[in-house]
>>> print(open('structure38.txt').read())   # compact mmCIF, C-alpha atoms
# COMPACT_ATOMS: atom_id res chain seq x y z
CA MET B 1 -13.15 10.41 14.12
CA ARG B 2 -12.80 13.67 16.03
CA ILE B 3 -9.63 15.75 16.32
CA ASP B 4 -8.94 17.19 19.76
CA LYS B 5 -5.54 18.92 19.63
CA VAL B 6 -2.82 19.67 17.09
CA HIS B 7 0.59 21.17 17.79
CA ILE B 8 2.96 21.85 14.88
CA PHE B 9 6.38 22.28 16.49
CA SER B 10 8.53 23.02 13.44
CA LYS B 11 7.70 25.18 10.44
CA PHE B 12 4.95 24.11 8.06
CA LYS B 13 4.61 26.90 5.49
CA ASN B 14 3.50 29.90 7.59
CA LEU B 15 2.66 27.77 10.64
CA GLU B 16 5.36 27.48 13.29
CA ASN B 17 4.90 26.40 16.90
CA PHE B 18 1.20 26.45 16.07
CA LYS B 19 -1.36 25.05 18.51
CA ILE B 20 -5.08 24.47 18.20
CA ASP B 21 -7.45 22.89 20.72
CA ILE B 22 -10.75 21.90 19.11
CA ASP B 23 -13.97 21.57 21.08
CA GLU B 24 -14.66 17.82 21.25
CA LYS B 25 -18.33 18.42 22.08
CA SER B 26 -19.09 20.16 18.80
CA MET B 27 -19.88 18.26 15.60
CA GLU B 28 -18.51 21.05 13.40
CA THR B 29 -15.48 23.31 13.53
CA VAL B 30 -15.35 26.54 11.55
CA LEU B 31 -12.03 28.31 10.99
CA ILE B 32 -12.35 32.04 10.38
CA GLY B 33 -9.49 34.32 9.47
CA LEU B 34 -8.04 36.72 6.94
CA ASN B 35 -6.44 35.50 3.73
CA ALA B 36 -2.94 34.03 4.12
CA THR B 37 -3.28 33.50 7.88
CA GLY B 38 -2.87 29.72 7.58
CA LYS B 39 -6.39 28.20 7.50
CA SER B 40 -5.72 26.12 4.39
CA ASN B 41 -2.21 25.31 5.59
CA LEU B 42 -3.67 23.71 8.72
CA MET B 43 -5.93 21.57 6.52
CA GLU B 44 -2.95 20.59 4.40
CA ALA B 45 -0.94 19.68 7.49
CA LEU B 46 -3.74 17.36 8.64
CA VAL B 47 -3.81 15.66 5.25
CA VAL B 48 -0.03 15.19 5.36
CA ILE B 49 -0.23 13.73 8.87
CA PHE B 50 -2.83 11.09 7.99
CA ARG B 51 -1.45 10.50 4.50
CA ASP B 52 2.01 9.62 5.78
CA LEU B 53 0.72 7.61 8.72
CA ASP B 54 -1.11 5.51 6.14
CA LEU B 55 2.00 5.26 3.93
CA ASP B 56 4.20 4.53 6.98
CA ARG B 57 6.76 7.25 6.36
CA PRO B 58 7.86 10.51 8.00
CA PRO B 59 5.47 13.43 7.43
CA GLN B 60 6.78 15.28 4.39
CA ILE B 61 6.09 18.73 2.99
CA SER B 62 5.43 17.92 -0.65
CA LYS B 63 7.87 20.16 -2.51
CA THR B 64 10.76 20.27 -0.07
CA LYS B 65 10.40 16.63 1.06
CA GLU B 66 11.48 17.83 4.49
CA PRO B 67 9.75 16.22 7.49
CA PHE B 68 7.97 18.43 9.98
CA GLU B 69 7.47 17.79 13.69
CA TYR B 70 4.03 17.63 15.26
CA TYR B 71 1.73 16.25 17.95
CA ILE B 72 -1.89 15.28 17.34
CA LYS B 73 -4.58 13.91 19.62
CA TYR B 74 -7.81 12.50 18.23
CA GLU B 75 -10.58 10.05 18.99
CA CYS B 76 -11.27 7.20 16.56
CA ARG B 77 -13.59 4.24 17.13
CA SER B 78 -13.76 4.97 20.86
CA ASN B 79 -9.96 5.04 21.14
CA ASN B 80 -8.06 8.10 22.37
CA ILE B 81 -5.04 8.29 20.10
CA GLU B 82 -1.95 10.46 20.52
CA ILE B 83 0.78 10.54 17.90
CA SER B 84 3.88 12.68 17.74
CA TYR B 85 6.76 12.87 15.32
CA SER B 86 10.22 14.36 15.81
CA ILE B 87 13.26 14.14 13.58
CA LYS B 88 15.30 12.85 16.53
CA ASN B 89 12.93 10.20 17.88
CA GLY B 90 10.68 9.42 14.94
CA TYR B 91 7.09 8.40 15.68
CA THR B 92 5.65 7.73 19.12
CA TYR B 93 2.16 6.29 19.58
CA LYS B 94 -0.18 6.22 22.57
CA ILE B 95 -3.55 4.46 22.54
CA ASN B 96 -5.75 5.19 25.55
CA ASP B 97 -2.69 6.48 27.46
CA ASN B 98 -0.68 3.32 26.70
CA LYS B 99 2.43 3.45 24.52
CA ILE B 100 2.51 0.99 21.63
CA ARG B 101 5.09 0.07 19.04
CA LYS B 102 5.04 1.28 15.47
CA SER B 103 4.51 -2.26 14.18
CA GLU B 104 1.43 -2.67 16.37
CA PHE B 105 -0.03 0.61 15.16
CA ASN B 106 0.50 -0.35 11.51
CA LYS B 107 -1.17 -3.72 12.04
CA GLN B 108 -4.23 -1.94 13.43
CA LYS B 109 -4.49 0.89 10.90
CA GLU B 110 -8.10 0.05 10.15
CA VAL B 111 -8.86 0.68 13.82
CA TYR B 112 -6.58 3.60 14.62
CA LEU B 113 -6.86 5.62 11.39
CA PRO B 114 -10.01 7.18 9.92
CA ASN B 115 -11.63 5.32 7.03
CA HIS B 116 -11.37 8.36 4.79
CA VAL B 117 -9.82 11.80 4.68
CA PHE B 118 -11.74 14.08 2.32
CA ILE B 119 -10.81 17.64 1.49
CA TYR B 120 -12.44 19.88 -1.08
CA TYR B 121 -10.69 23.10 -2.04
CA SER B 122 -13.02 25.60 -3.71
CA GLY B 123 -10.30 27.93 -4.97
CA ILE B 124 -8.65 27.80 -8.39
CA SER B 125 -5.54 25.93 -7.39
CA ASP B 126 -3.86 22.54 -7.69
CA ARG B 127 -2.26 22.88 -4.27
CA LEU B 128 -4.03 19.78 -2.92
CA LYS B 129 -3.32 17.46 -5.85
CA ASP B 130 0.28 16.97 -4.79
CA LEU B 131 -0.86 15.82 -1.35
CA TYR B 132 -2.92 13.04 -2.86
CA SER B 133 -0.60 12.06 -5.71
CA ASP B 134 1.01 9.08 -3.96
CA HIS B 135 -2.32 7.49 -3.08
CA THR B 136 -3.74 8.29 -6.52
CA LYS B 137 -0.74 6.69 -8.24
CA LYS B 138 -0.94 3.60 -6.05
CA TYR B 139 -4.66 3.22 -6.77
CA TYR B 140 -4.21 3.78 -10.52
CA GLU B 141 -1.40 1.24 -10.81
CA GLN B 142 -3.70 -1.37 -9.27
CA ILE B 143 -6.83 -0.77 -11.36
CA ILE B 144 -5.05 -0.90 -14.74
CA LYS B 145 -3.85 -4.47 -14.17
CA ASP B 146 -5.57 -7.10 -16.29
CA GLU B 147 -6.31 -9.23 -13.22
CA ALA B 148 -7.95 -6.33 -11.33
CA LYS B 149 -11.42 -7.16 -10.00
CA HIS B 150 -14.25 -4.87 -8.93
CA THR B 151 -14.51 -6.54 -5.55
CA ARG B 152 -11.06 -5.25 -4.59
CA PHE B 153 -12.04 -1.65 -5.28
CA ASP B 154 -15.52 -1.40 -3.80
CA THR B 155 -14.46 1.17 -1.20
CA ILE B 156 -13.10 4.69 -1.49
CA PRO B 157 -9.34 5.03 -0.82
CA ARG B 158 -8.41 6.36 2.62
CA ILE B 159 -6.98 9.57 1.16
CA PHE B 160 -9.35 11.00 -1.41
CA LEU B 161 -9.36 14.34 -3.23
CA VAL B 162 -12.85 15.55 -4.10
CA GLN B 163 -12.83 17.09 -7.59
CA ASN B 164 -15.54 18.67 -9.72
CA ILE B 165 -15.83 15.62 -12.02
CA HIS B 166 -16.95 13.52 -9.06
CA SER B 167 -20.22 15.46 -8.85
CA SER B 168 -21.39 14.03 -12.20
CA LEU B 169 -20.36 10.51 -11.23
CA ALA B 170 -22.08 10.81 -7.85
CA LEU B 171 -25.30 12.04 -9.46
CA ILE B 172 -25.31 9.16 -11.96
CA ALA B 173 -24.74 6.70 -9.11
CA PHE B 174 -28.07 7.74 -7.58
CA TYR B 175 -29.85 6.28 -10.61
CA MET B 176 -28.02 2.94 -10.73
CA PHE B 177 -30.13 0.97 -8.26
CA LYS B 178 -33.61 0.13 -9.52
CA ASP B 179 -34.74 -1.33 -6.20
CA GLN B 180 -34.11 2.04 -4.52
CA GLU B 181 -35.66 4.22 -7.22
CA SER B 182 -38.58 5.69 -5.26
CA GLU B 183 -36.41 6.40 -2.21
CA THR B 184 -33.71 7.95 -4.39
CA LEU B 185 -36.08 10.22 -6.31
CA LYS B 186 -37.65 11.40 -3.07
CA PHE B 187 -34.24 12.20 -1.57
CA LEU B 188 -33.07 14.09 -4.68
CA LYS B 189 -36.27 16.13 -4.81
CA GLU B 190 -36.54 16.98 -1.12
CA GLU B 191 -32.89 17.36 -0.15
CA LEU B 192 -31.15 18.50 -3.33
CA LYS B 193 -34.12 20.03 -5.21
CA ILE B 194 -33.37 17.85 -8.27
CA VAL B 195 -36.58 16.80 -10.02
CA ASP B 196 -35.12 15.39 -13.25
CA PHE B 197 -31.85 14.31 -14.81
CA GLY B 198 -31.38 14.60 -18.56
CA SER B 199 -27.79 13.76 -19.43
CA ALA B 200 -24.16 14.00 -18.41
CA LEU B 201 -21.26 14.86 -20.69
CA PHE B 202 -17.93 13.05 -20.40
CA ILE B 203 -14.93 14.19 -22.43
CA LEU B 204 -12.05 11.73 -22.48
CA LYS B 205 -8.75 13.36 -23.34
CA GLN B 206 -5.91 11.35 -24.79
CA PRO B 207 -3.42 10.57 -21.98
CA ASP B 208 0.25 11.36 -22.50
CA TRP B 209 1.31 7.75 -21.95
CA SER B 210 -0.76 6.57 -24.94
CA LYS B 211 1.30 8.44 -27.51
CA SER B 212 3.95 5.71 -27.48
CA ARG B 213 1.41 2.95 -28.13
CA LYS B 214 0.72 1.94 -31.71
CA GLY B 215 -2.47 0.74 -33.35
CA GLU B 216 -6.00 2.07 -33.60
CA ASP B 217 -7.93 1.78 -30.39
CA ARG B 218 -10.80 3.91 -29.17
CA PHE B 219 -9.49 3.97 -25.61
CA TRP B 220 -5.76 4.11 -26.39
CA ASN B 221 -5.09 0.50 -25.30
CA ALA B 222 -6.10 1.16 -21.70
CA GLY B 223 -6.40 -1.99 -19.58
CA GLY B 224 -7.81 -3.43 -16.38
CA LEU B 225 -10.86 -1.95 -14.68
CA VAL B 226 -10.28 1.35 -16.47
CA ARG B 227 -10.83 -0.39 -19.81
CA ARG B 228 -13.96 -2.18 -18.64
CA PHE B 229 -15.44 1.01 -17.21
CA LEU B 230 -14.82 2.98 -20.41
CA GLU B 231 -16.32 0.24 -22.57
CA ASP B 232 -19.46 0.13 -20.41
CA LEU B 233 -19.70 3.92 -20.43
CA TYR B 234 -19.46 3.97 -24.22
CA ARG B 235 -21.85 1.06 -24.70
CA PHE B 236 -24.64 2.62 -22.63
CA SER B 237 -24.19 6.15 -23.98
CA THR B 238 -27.13 7.69 -25.77
CA ALA B 239 -25.04 9.41 -28.43
CA PRO B 240 -21.32 8.59 -28.34
CA ILE B 241 -19.30 10.86 -30.60
CA TYR B 242 -15.66 10.55 -31.57
CA HIS B 243 -14.06 13.88 -32.31
CA GLU B 244 -10.42 14.92 -32.59
CA GLU B 245 -9.21 18.45 -32.08
CA ARG B 246 -6.15 20.30 -30.87
CA VAL B 247 -6.63 22.33 -27.72
CA SER B 248 -4.35 25.13 -26.55
CA THR B 249 -3.13 24.55 -23.00
CA THR B 250 -0.65 27.44 -22.96
CA TYR B 251 0.51 29.90 -25.58
CA LYS B 252 3.44 27.56 -26.23
CA LYS B 253 1.82 24.13 -26.23
CA MET B 254 -1.01 22.43 -28.05
CA LYS B 255 -2.64 19.25 -26.84
CA HIS B 256 -5.32 17.38 -28.65
CA LYS B 257 -7.91 14.70 -28.66
CA ALA B 258 -11.01 13.72 -27.15
CA ASP B 259 -13.64 11.10 -27.22
CA CYS B 260 -16.91 12.81 -26.36
CA ILE B 261 -19.44 10.59 -24.68
CA PHE B 262 -22.97 11.79 -24.03
CA ILE B 263 -25.18 9.91 -21.60
>>> encode(input="structure38.txt", output="structure tokens")
Amino acid sequence: MRIDKVHIFSKFKNLENFKIDIDEKSMETVLIGLNATGKSNLMEALVVIFRDLDLDRPPQISKTKEPFEYYIKYECRSNNIEISYSIKNGYTYKINDNKIRKSEFNKQKEVYLPNHVFIYYSGISDRLKDLYSDHTKKYYEQIIKDEAKHTRFDTIPRIFLVQNIHSSLALIAFYMFKDQESETLKFLKEELKIVDFGSALFILKQPDWSKSRKGEDRFWNAGGLVRRFLEDLYRFSTAPIYHEERVSTTYKKMKHKADCIFI
């Protein structure tokens, strides 16, 4: 997918009547500007646009829940796609200069929307978590079901927030396929300068929802694919350790617990 133009008509944080025309011939786009000029806000606006197209709802600013009006033009799978939203008229869709109905667009989401929208925010902030919360909740509610199967979750969700913990999981994944061992080790050494991998530390904190569940259980009565993953993680750990402690989260609150798993 390649974004061509974006026009934010109404106010989105400090962006108002904001236009950007991106060079379609370039593989990368670098935004340069002073702090608080709106670089991150533009990225957030793009996430909101594709998030709410996927959820089939008006584009909403997370905290205010107010829709904002925009126009976007992008290329996806050799289709030129133009989408606009206004409070008065709702969504309008054009595919290769031809108007289509909303129902037709939604039926062809896998064609007209990008497979994935990734954003990584390097600053110390949770500003992006709210943008991904609806997709995260939907995904979580599916994987905790007892009937959940791995084959239904073998792809990354369309909207995905890259967090620090994913780096450990990604590194472990490199070592999971024996038939690709020589190729993997060569890639890690030449591209990432990683010559060896000793261990990874996982700390599982007691979730708030588990406090209402009774009975002794190492994984707090978790279910579905989450349960199976945790059991496998524990079973293949080199030195699993169970340790309880109270941890200060603020000067007013204390939270506790953790199963420490060393791999």
>>> residues_near_point(input="structure38.txt", point="(-3.3, -1.8, -24.2)", cutoff="12 Å", atoms="all atoms listed in the file", output="list in words")
Ile144, Lys145, Asp146, Trp209, Ser210, Lys211, Ser212, Arg213, Lys214, Gly215, Glu216, Asp217, Arg218, Phe219, Trp220, Asn221, Ala222, Gly223, Gly224, Val226 and Arg227 of chain B
>>> write_last_selection(input="structure38.txt", atoms="C-alpha atoms", output="mmCIF file, in the frame of the given file")
data_model
loop_
_atom_site.group_PDB
_atom_site.id
_atom_site.type_symbol
_atom_site.label_atom_id
_atom_site.label_comp_id
_atom_site.auth_asym_id
_atom_site.auth_seq_id
_atom_site.Cartn_x
_atom_site.Cartn_y
_atom_site.Cartn_z
ATOM 1 C CA ILE B 144 -5.050 -0.900 -14.740
ATOM 2 C CA LYS B 145 -3.850 -4.470 -14.170
ATOM 3 C CA ASP B 146 -5.570 -7.100 -16.290
ATOM 4 C CA TRP B 209 1.310 7.750 -21.950
ATOM 5 C CA SER B 210 -0.760 6.570 -24.940
ATOM 6 C CA LYS B 211 1.300 8.440 -27.510
ATOM 7 C CA SER B 212 3.950 5.710 -27.480
ATOM 8 C CA ARG B 213 1.410 2.950 -28.130
ATOM 9 C CA LYS B 214 0.720 1.940 -31.710
ATOM 10 C CA GLY B 215 -2.470 0.740 -33.350
ATOM 11 C CA GLU B 216 -6.000 2.070 -33.600
ATOM 12 C CA ASP B 217 -7.930 1.780 -30.390
ATOM 13 C CA ARG B 218 -10.800 3.910 -29.170
ATOM 14 C CA PHE B 219 -9.490 3.970 -25.610
ATOM 15 C CA TRP B 220 -5.760 4.110 -26.390
ATOM 16 C CA ASN B 221 -5.090 0.500 -25.300
ATOM 17 C CA ALA B 222 -6.100 1.160 -21.700
ATOM 18 C CA GLY B 223 -6.400 -1.990 -19.580
ATOM 19 C CA GLY B 224 -7.810 -3.430 -16.380
ATOM 20 C CA VAL B 226 -10.280 1.350 -16.470
ATOM 21 C CA ARG B 227 -10.830 -0.390 -19.810
#
>>> closest_residue(input="structure38.txt", among="B:Cys76, B:Asp134, B:Asn14, B:Ser167", to="B:Asp52", atoms="only C-alpha atoms")
B:Asp134
>>> closest_residue(input="structure38.txt", among="B:Leu113, B:Ile81, B:Ala173, B:Val162", to="B:Lys99", atoms="only C-alpha atoms")
B:Ile81
>>> atom_distance(input="structure38.txt", atom1="atom CA of B:His116", atom2="atom CA of B:Leu192")
23.7 Å
>>> residues_near_point(input="structure38.txt", point="(-7.2, 0.4, 11.7)", cutoff="12 Å", atoms="only C-alpha atoms", output="list of chain:residue names")
B:Met1, B:Leu53, B:Asp54, B:Cys76, B:Arg77, B:Asn79, B:Ile81, B:Glu104, B:Phe105, B:Asn106, B:Lys107, B:Gln108, B:Lys109, B:Glu110, B:Val111, B:Tyr112, B:Leu113, B:Pro114, B:Asn115, B:His116, B:Arg158
>>> residues_around(input="structure38.txt", residues="B:His7", least_positions_apart="5", cutoff="8 Å", atoms="all atoms listed in the file", output="list of chain:residue names")
B:Asn17, B:Phe18, B:Lys19, B:Ile20, B:Tyr70, B:Tyr71, B:Ile72
>>> closest_residue(input="structure38.txt", among="B:Asp208, B:Glu69, B:Asp154, B:Glu141", to="B:Asn89", atoms="all atoms listed in the file")
B:Glu69
>>> closest_residue(input="structure38.txt", among="B:Asp21, B:Asn80, B:Ala36, B:Ser86", to="B:Gln60", atoms="all atoms listed in the file")
B:Ser86
>>> decode(input="structure38.txt", residues="stretch 185-247 of chain B", atoms="C-alpha atoms", output="PDB file, in the first residue's frame")
ATOM      1  CA  LEU B 185      21.665 -18.183  11.983  1.00  0.00           C
ATOM      2  CA  LYS B 186      23.257 -16.629   8.908  1.00  0.00           C
ATOM      3  CA  PHE B 187      20.594 -13.909   8.760  1.00  0.00           C
ATOM      4  CA  LEU B 188      20.899 -13.089  12.477  1.00  0.00           C
ATOM      5  CA  LYS B 189      24.677 -12.885  12.266  1.00  0.00           C
ATOM      6  CA  GLU B 190      24.954 -10.861   9.069  1.00  0.00           C
ATOM      7  CA  GLU B 191      21.931  -8.579   9.339  1.00  0.00           C
ATOM      8  CA  LEU B 192      21.363  -8.154  13.079  1.00  0.00           C
ATOM      9  CA  LYS B 193      24.882  -8.950  14.374  1.00  0.00           C
ATOM     10  CA  ILE B 194      23.460 -11.591  16.754  1.00  0.00           C
ATOM     11  CA  VAL B 195      25.852 -14.530  17.131  1.00  0.00           C
ATOM     12  CA  ASP B 196      24.232 -16.306  20.092  1.00  0.00           C
ATOM     13  CA  PHE B 197      21.059 -16.369  22.145  1.00  0.00           C
ATOM     14  CA  GLY B 198      21.205 -17.411  25.784  1.00  0.00           C
ATOM     15  CA  SER B 199      17.808 -16.871  27.377  1.00  0.00           C
ATOM     16  CA  ALA B 200      14.726 -14.693  27.556  1.00  0.00           C
ATOM     17  CA  LEU B 201      12.940 -13.632  30.720  1.00  0.00           C
ATOM     18  CA  PHE B 202       9.145 -13.533  30.895  1.00  0.00           C
ATOM     19  CA  ILE B 203       7.383 -12.110  33.939  1.00  0.00           C
ATOM     20  CA  LEU B 204       3.675 -12.865  34.103  1.00  0.00           C
ATOM     21  CA  LYS B 205       1.790 -10.451  36.311  1.00  0.00           C
ATOM     22  CA  GLN B 206      -1.507 -11.406  37.877  1.00  0.00           C
ATOM     23  CA  PRO B 207      -4.327  -9.852  35.804  1.00  0.00           C
ATOM     24  CA  ASP B 208      -7.001  -7.822  37.560  1.00  0.00           C
ATOM     25  CA  TRP B 209      -9.813 -10.065  36.323  1.00  0.00           C
ATOM     26  CA  SER B 210      -8.322 -13.103  38.111  1.00  0.00           C
ATOM     27  CA  LYS B 211      -8.850 -11.700  41.598  1.00  0.00           C
ATOM     28  CA  SER B 212     -12.506 -12.746  41.543  1.00  0.00           C
ATOM     29  CA  ARG B 213     -11.676 -16.342  40.602  1.00  0.00           C
ATOM     30  CA  LYS B 214     -11.226 -18.871  43.377  1.00  0.00           C
ATOM     31  CA  GLY B 215      -8.940 -21.876  43.611  1.00  0.00           C
ATOM     32  CA  GLU B 216      -5.221 -22.439  43.209  1.00  0.00           C
ATOM     33  CA  ASP B 217      -4.071 -22.243  39.636  1.00  0.00           C
ATOM     34  CA  ARG B 218      -0.662 -21.286  38.313  1.00  0.00           C
ATOM     35  CA  PHE B 219      -2.138 -19.267  35.456  1.00  0.00           C
ATOM     36  CA  TRP B 220      -5.154 -17.839  37.287  1.00  0.00           C
ATOM     37  CA  ASN B 221      -7.691 -20.036  35.441  1.00  0.00           C
ATOM     38  CA  ALA B 222      -6.878 -18.531  32.055  1.00  0.00           C
ATOM     39  CA  GLY B 223      -8.463 -20.375  29.124  1.00  0.00           C
ATOM     40  CA  GLY B 224      -8.337 -20.895  25.375  1.00  0.00           C
ATOM     41  CA  LEU B 225      -5.161 -20.353  23.370  1.00  0.00           C
ATOM     42  CA  VAL B 226      -3.784 -18.136  26.132  1.00  0.00           C
ATOM     43  CA  ARG B 227      -3.843 -21.100  28.518  1.00  0.00           C
ATOM     44  CA  ARG B 228      -2.205 -23.447  26.032  1.00  0.00           C
ATOM     45  CA  PHE B 229       0.528 -20.946  25.219  1.00  0.00           C
ATOM     46  CA  LEU B 230       1.345 -20.340  28.887  1.00  0.00           C
ATOM     47  CA  GLU B 231       1.457 -24.064  29.632  1.00  0.00           C
ATOM     48  CA  ASP B 232       3.855 -24.665  26.726  1.00  0.00           C
ATOM     49  CA  LEU B 233       5.994 -21.716  27.774  1.00  0.00           C
ATOM     50  CA  TYR B 234       6.224 -23.055  31.314  1.00  0.00           C
ATOM     51  CA  ARG B 235       6.823 -26.646  30.218  1.00  0.00           C
ATOM     52  CA  PHE B 236       9.778 -25.778  27.981  1.00  0.00           C
ATOM     53  CA  SER B 237      11.340 -23.258  30.367  1.00  0.00           C
ATOM     54  CA  THR B 238      14.830 -23.999  31.592  1.00  0.00           C
ATOM     55  CA  ALA B 239      14.212 -22.743  35.121  1.00  0.00           C
ATOM     56  CA  PRO B 240      10.612 -21.754  35.874  1.00  0.00           C
ATOM     57  CA  ILE B 241      10.294 -19.922  39.180  1.00  0.00           C
ATOM     58  CA  TYR B 242       7.133 -18.972  41.020  1.00  0.00           C
ATOM     59  CA  HIS B 243       7.545 -15.870  43.118  1.00  0.00           C
ATOM     60  CA  GLU B 244       5.004 -13.553  44.734  1.00  0.00           C
ATOM     61  CA  GLU B 245       5.717  -9.970  45.634  1.00  0.00           C
ATOM     62  CA  ARG B 246       3.926  -6.660  45.945  1.00  0.00           C
ATOM     63  CA  VAL B 247       5.031  -3.987  43.520  1.00  0.00           C
TER      64      VAL B 247
END
